[in-house]
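Below is one structure, written out as structure tokens; the observations come after it.
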Amino acid sequence: MMPAKYWTQLRMLKGSTFQTMKSIKWMNDRPSHNQQYNPTYVEHIANIITHGIWVLPSIYGGLVLLLKSPTSSHFLCALIYSLSLILCFTVSTLFHSVFFSNKNRFLRELLHRSDRAMIYIFIAGSYFPWVFLDPLPHNIWPYHLWWIIWVLALIGIVYQQTFYEKYKSFETMMYVFVGLGPALVILQHKSLGPGEFMLKLGGALYILGITFFKSDGKIPCAHAIWHLFVAGAAVSHYFAILFHLYS
Ligand SMILES: [Zn+2]
């Protein structure tokens, strides 16, 4: 049986852990209209880790797709998709690291703008293998989605860079439109076979994650939770591409 003194020590440890947890600042106040949220120390660390840990796996995953490419078209799609995946996590990690450790406003804004632009590149890059390798019939307009998606991403980026940190709700609506719209069009015209469930799961995770993307200062570590939803959705999409288009 455990001696009484160990019970006392365990109770003290539990008490001090609780005190420590209570003393941590889990979130700051919500920013005023169109201002950037200022994360707490813990939130900064969580933001860096939740995307930083995906950089190496995404490089590995990209190499697997490149090596499994049976044709030059597959290789091209693997290259574009993998670069968008790797850059999405890398730019995000860089931005959050600089935001945490560096007071250089110019560098911070440059990386923040790049981080947001990467979301559009990542959306277009994720669609690309599906619309290029497994295209819709030539005689209907959605066949052209393989380039329309890039035009939409470009429009999104131009809008976002022009109206940086203004009309944020409209910006979020544009992400949803560019992210979800093409999927709805594609699914109206054909089934994507065994990969469809994982694609839909990924899409649902992205949409659910937006709730946290908009909850800075309302939910502790909201942005890091958004990152986890993005990572979960990216994993789901990656395996859908691997199993459906590359095996
Ligand atoms: Zn982020």
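We label chains A, B, ... in the order they appear in the structure tokens, count residues from 1 in each chain, and number ligands from 1 in the order shown.
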**Asked** Neighbours of Ala204 of chain A within 12 Å (only C-alpha atoms; same-chain residues fewer than 3 positions away dropped), as a PyMOL selection string?
**Response** chain A and resi 176+179-180+183+197-201+207-211+229-230+232-234+236-237
With only C-alpha atoms and all ligand atoms counted and 9 Å as the cut-off, give the residues of chain A in contact with ligand 1, each with its shortest interatomic distance in Å and the pair that gives it, as JSON lines.
{"residue": "A:Asn47", "atom": "CA", "partner": "ligand 1", "partner_atom_place_in_ligand_line": "1 (Zn)", "distance": 6.2}
{"residue": "A:Ile48", "atom": "CA", "partner": "ligand 1", "partner_atom_place_in_ligand_line": "1 (Zn)", "distance": 8.0}
{"residue": "A:Thr50", "atom": "CA", "partner": "ligand 1", "partner_atom_place_in_ligand_line": "1 (Zn)", "distance": 8.8}
{"residue": "A:His51", "atom": "CA", "partner": "ligand 1", "partner_atom_place_in_ligand_line": "1 (Zn)", "distance": 7.7}
{"residue": "A:Phe89", "atom": "CA", "partner": "ligand 1", "partner_atom_place_in_ligand_line": "1 (Zn)", "distance": 8.9}
{"residue": "A:Ser92", "atom": "CA", "partner": "ligand 1", "partner_atom_place_in_ligand_line": "1 (Zn)", "distance": 5.5}
{"residue": "A:Thr93", "atom": "CA", "partner": "ligand 1", "partner_atom_place_in_ligand_line": "1 (Zn)", "distance": 7.5}
{"residue": "A:Phe95", "atom": "CA", "partner": "ligand 1", "partner_atom_place_in_ligand_line": "1 (Zn)", "distance": 7.8}
{"residue": "A:His96", "atom": "CA", "partner": "ligand 1", "partner_atom_place_in_ligand_line": "1 (Zn)", "distance": 6.6}
{"residue": "A:His112", "atom": "CA", "partner": "ligand 1", "partner_atom_place_in_ligand_line": "1 (Zn)", "distance": 8.7}
{"residue": "A:Asp115", "atom": "CA", "partner": "ligand 1", "partner_atom_place_in_ligand_line": "1 (Zn)", "distance": 7.4}
{"residue": "A:Arg116", "atom": "CA", "partner": "ligand 1", "partner_atom_place_in_ligand_line": "1 (Zn)", "distance": 8.5}
{"residue": "A:Phe213", "atom": "CA", "partner": "ligand 1", "partner_atom_place_in_ligand_line": "1 (Zn)", "distance": 8.6}
{"residue": "A:His223", "atom": "CA", "partner": "ligand 1", "partner_atom_place_in_ligand_line": "1 (Zn)", "distance": 6.2}
{"residue": "A:Ala224", "atom": "CA", "partner": "ligand 1", "partner_atom_place_in_ligand_line": "1 (Zn)", "distance": 7.0}
{"residue": "A:Trp226", "atom": "CA", "partner": "ligand 1", "partner_atom_place_in_ligand_line": "1 (Zn)", "distance": 7.7}
{"residue": "A:His227", "atom": "CA", "partner": "ligand 1", "partner_atom_place_in_ligand_line": "1 (Zn)", "distance": 6.2}
Since we have the selection now, will you write its residues out, keeping N, CA and C atoms, as a compact mmCIF listing (two decimals), in the first residue's frame?
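The resulting file, part14.txt, is reproduced below:
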# COMPACT_ATOMS: atom_id res chain seq x y z
N ASN A 47 0.19 27.68 -31.88
CA ASN A 47 0.06 27.99 -33.31
C ASN A 47 1.27 27.48 -34.10
N ILE A 48 2.46 27.65 -33.51
CA ILE A 48 3.67 27.21 -34.22
C ILE A 48 3.71 25.68 -34.30
N THR A 50 1.26 23.36 -33.99
CA THR A 50 0.19 22.65 -34.70
C THR A 50 0.34 22.66 -36.23
N HIS A 51 1.14 23.56 -36.76
CA HIS A 51 1.44 23.45 -38.19
C HIS A 51 2.88 23.01 -38.43
N PHE A 89 1.96 24.57 -44.92
CA PHE A 89 2.42 24.36 -43.54
C PHE A 89 3.69 25.16 -43.24
N SER A 92 2.92 29.00 -42.96
CA SER A 92 2.17 29.22 -41.72
C SER A 92 3.10 29.14 -40.50
N THR A 93 3.96 28.12 -40.47
CA THR A 93 4.88 27.97 -39.34
C THR A 93 5.84 29.16 -39.26
N PHE A 95 5.33 32.22 -40.45
CA PHE A 95 4.59 33.41 -40.02
C PHE A 95 4.39 33.39 -38.50
N HIS A 96 3.90 32.26 -37.97
CA HIS A 96 3.61 32.21 -36.53
C HIS A 96 4.89 32.33 -35.70
N HIS A 112 2.30 37.27 -43.02
CA HIS A 112 0.86 37.11 -42.78
C HIS A 112 0.11 37.14 -44.11
N ASP A 115 0.81 33.91 -45.81
CA ASP A 115 0.08 32.82 -45.14
C ASP A 115 -1.35 32.76 -45.66
N ARG A 116 -1.99 33.93 -45.74
CA ARG A 116 -3.37 33.98 -46.20
C ARG A 116 -3.47 33.63 -47.68
N PHE A 213 -11.55 29.44 -36.69
CA PHE A 213 -10.80 30.49 -37.38
C PHE A 213 -11.37 31.87 -37.01
N HIS A 223 -7.10 29.57 -32.73
CA HIS A 223 -6.39 29.51 -34.01
C HIS A 223 -5.63 28.18 -34.15
N ALA A 224 -5.07 27.69 -33.02
CA ALA A 224 -4.36 26.40 -33.06
C ALA A 224 -5.35 25.27 -33.35
N TRP A 226 -8.05 25.62 -35.16
CA TRP A 226 -8.27 25.77 -36.62
C TRP A 226 -7.15 25.05 -37.38
N HIS A 227 -5.90 25.26 -36.92
CA HIS A 227 -4.77 24.58 -37.56
C HIS A 227 -4.96 23.07 -37.56
**Message:** I want to know what sits within 9 Å of His144 of chain A, based on only C-alpha atoms, with residues of the same chain fewer than 6 positions away left out; could you give that as JSON, numbers by chain?
**Reply:** {"A": [131, 135, 136, 138]}
**Request:** State, in Å with one decimal place, the distance from atom CA of Gly203 of chain A to atom CA of Gln36 of chain A.
**Result:**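 Atom CA of Gln36 of chain A lies at a distance of 26.5 Å from atom CA of Gly203 of chain A.
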I need the residues in segment 89-195 of chain A that are alpha helix (DSSP H) according to DSSP; give them as a PDB file with C-alpha atoms, in the first residue's frame.
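Result written to part11.pdb:
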ATOM      1  CA  PHE A  89       2.416  24.360 -43.541  1.00  0.00           C
ATOM      2  CA  THR A  90       5.866  25.952 -43.973  1.00  0.00           C
ATOM      3  CA  VAL A  91       4.659  29.513 -44.588  1.00  0.00           C
ATOM      4  CA  SER A  92       2.166  29.218 -41.725  1.00  0.00           C
ATOM      5  CA  THR A  93       4.882  27.968 -39.342  1.00  0.00           C
ATOM      6  CA  LEU A  94       7.243  30.741 -40.464  1.00  0.00           C
ATOM      7  CA  PHE A  95       4.594  33.410 -40.016  1.00  0.00           C
ATOM      8  CA  HIS A  96       3.611  32.213 -36.531  1.00  0.00           C
ATOM      9  CA  SER A  97       7.282  31.915 -35.479  1.00  0.00           C
ATOM     10  CA  VAL A  98       8.056  35.460 -36.646  1.00  0.00           C
ATOM     11  CA  PHE A  99       4.843  36.768 -35.063  1.00  0.00           C
ATOM     12  CA  PHE A 100       5.977  35.248 -31.765  1.00  0.00           C
ATOM     13  CA  SER A 101       9.638  36.121 -31.741  1.00  0.00           C
ATOM     14  CA  ARG A 105       6.307  44.652 -38.482  1.00  0.00           C
ATOM     15  CA  PHE A 106       7.195  44.569 -42.174  1.00  0.00           C
ATOM     16  CA  LEU A 107       8.354  40.938 -42.067  1.00  0.00           C
ATOM     17  CA  ARG A 108       5.355  39.972 -39.977  1.00  0.00           C
ATOM     18  CA  GLU A 109       2.881  41.561 -42.387  1.00  0.00           C
ATOM     19  CA  LEU A 110       4.668  40.082 -45.412  1.00  0.00           C
ATOM     20  CA  LEU A 111       4.448  36.584 -43.923  1.00  0.00           C
ATOM     21  CA  HIS A 112       0.864  37.112 -42.784  1.00  0.00           C
ATOM     22  CA  ARG A 113      -0.138  38.149 -46.306  1.00  0.00           C
ATOM     23  CA  SER A 114       1.735  35.115 -47.706  1.00  0.00           C
ATOM     24  CA  ASP A 115       0.080  32.821 -45.142  1.00  0.00           C
ATOM     25  CA  ARG A 116      -3.375  33.980 -46.201  1.00  0.00           C
ATOM     26  CA  ALA A 117      -2.512  33.789 -49.922  1.00  0.00           C
ATOM     27  CA  MET A 118      -1.251  30.238 -49.413  1.00  0.00           C
ATOM     28  CA  ILE A 119      -4.755  29.154 -48.382  1.00  0.00           C
ATOM     29  CA  TYR A 120      -5.965  29.905 -51.937  1.00  0.00           C
ATOM     30  CA  ILE A 121      -2.921  28.227 -53.502  1.00  0.00           C
ATOM     31  CA  PHE A 122      -3.513  25.213 -51.277  1.00  0.00           C
ATOM     32  CA  ILE A 123      -7.207  25.031 -52.258  1.00  0.00           C
ATOM     33  CA  ALA A 124      -6.350  25.175 -55.983  1.00  0.00           C
ATOM     34  CA  GLY A 125      -3.425  22.749 -55.524  1.00  0.00           C
ATOM     35  CA  SER A 126      -5.671  20.252 -53.714  1.00  0.00           C
ATOM     36  CA  TYR A 127      -8.256  20.292 -56.502  1.00  0.00           C
ATOM     37  CA  PHE A 128      -5.742  20.117 -59.312  1.00  0.00           C
ATOM     38  CA  PRO A 129      -5.007  16.331 -59.350  1.00  0.00           C
ATOM     39  CA  TRP A 130      -8.751  15.580 -59.331  1.00  0.00           C
ATOM     40  CA  VAL A 131      -9.724  17.873 -62.193  1.00  0.00           C
ATOM     41  CA  PHE A 132      -6.599  17.253 -64.282  1.00  0.00           C
ATOM     42  CA  LEU A 133      -6.104  13.477 -63.929  1.00  0.00           C
ATOM     43  CA  LEU A 145     -12.499  23.696 -63.816  1.00  0.00           C
ATOM     44  CA  TRP A 146      -8.849  22.618 -63.985  1.00  0.00           C
ATOM     45  CA  TRP A 147      -7.915  26.205 -64.938  1.00  0.00           C
ATOM     46  CA  ILE A 148     -10.985  28.037 -63.559  1.00  0.00           C
ATOM     47  CA  ILE A 149      -9.922  26.995 -60.034  1.00  0.00           C
ATOM     48  CA  TRP A 150      -6.569  28.770 -60.480  1.00  0.00           C
ATOM     49  CA  VAL A 151      -8.313  31.907 -61.790  1.00  0.00           C
ATOM     50  CA  LEU A 152     -10.616  31.885 -58.728  1.00  0.00           C
ATOM     51  CA  ALA A 153      -7.572  31.479 -56.460  1.00  0.00           C
ATOM     52  CA  LEU A 154      -5.866  34.394 -58.222  1.00  0.00           C
ATOM     53  CA  ILE A 155      -8.955  36.610 -57.853  1.00  0.00           C
ATOM     54  CA  GLY A 156      -9.096  35.635 -54.162  1.00  0.00           C
ATOM     55  CA  ILE A 157      -5.437  36.552 -53.649  1.00  0.00           C
ATOM     56  CA  VAL A 158      -5.710  39.883 -55.497  1.00  0.00           C
ATOM     57  CA  TYR A 159      -8.810  40.815 -53.483  1.00  0.00           C
ATOM     58  CA  GLN A 160      -7.208  39.756 -50.244  1.00  0.00           C
ATOM     59  CA  GLN A 161      -3.965  41.655 -50.848  1.00  0.00           C
ATOM     60  CA  THR A 162      -5.863  44.779 -51.945  1.00  0.00           C
ATOM     61  CA  LYS A 168     -12.844  39.994 -42.934  1.00  0.00           C
ATOM     62  CA  SER A 169     -16.222  38.262 -43.030  1.00  0.00           C
ATOM     63  CA  PHE A 170     -16.406  38.727 -46.795  1.00  0.00           C
ATOM     64  CA  GLU A 171     -12.894  37.294 -47.066  1.00  0.00           C
ATOM     65  CA  THR A 172     -13.997  34.198 -45.136  1.00  0.00           C
ATOM     66  CA  MET A 173     -17.002  33.840 -47.456  1.00  0.00           C
ATOM     67  CA  MET A 174     -14.626  33.927 -50.432  1.00  0.00           C
ATOM     68  CA  TYR A 175     -12.533  31.121 -48.932  1.00  0.00           C
ATOM     69  CA  VAL A 176     -15.679  29.029 -48.526  1.00  0.00           C
ATOM     70  CA  PHE A 177     -16.846  29.836 -52.068  1.00  0.00           C
ATOM     71  CA  VAL A 178     -13.511  28.970 -53.723  1.00  0.00           C
ATOM     72  CA  GLY A 179     -13.006  25.958 -51.442  1.00  0.00           C
ATOM     73  CA  LEU A 180     -16.469  24.442 -51.619  1.00  0.00           C
ATOM     74  CA  GLY A 181     -17.951  25.678 -54.925  1.00  0.00           C
ATOM     75  CA  PRO A 182     -15.897  23.517 -57.331  1.00  0.00           C
ATOM     76  CA  ALA A 183     -16.531  20.384 -55.208  1.00  0.00           C
ATOM     77  CA  LEU A 184     -20.297  20.935 -55.440  1.00  0.00           C
ATOM     78  CA  VAL A 185     -20.058  21.346 -59.225  1.00  0.00           C
ATOM     79  CA  ILE A 186     -17.886  18.225 -59.649  1.00  0.00           C
ATOM     80  CA  LEU A 187     -20.100  16.050 -57.434  1.00  0.00           C
ATOM     81  CA  GLN A 188     -23.153  17.089 -59.447  1.00  0.00           C
ATOM     82  CA  HIS A 189     -21.625  15.554 -62.538  1.00  0.00           C
TER      83      HIS A 189
END
**Request:** Tell me, in Å to one decimal, how far atom CA of Ser73 of chain A is from atom CA of Ser191 of chain A.
**Result:**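 If I compute the distance from atom CA of Ser73 of chain A to atom CA of Ser191 of chain A, I get 21.5 Å.
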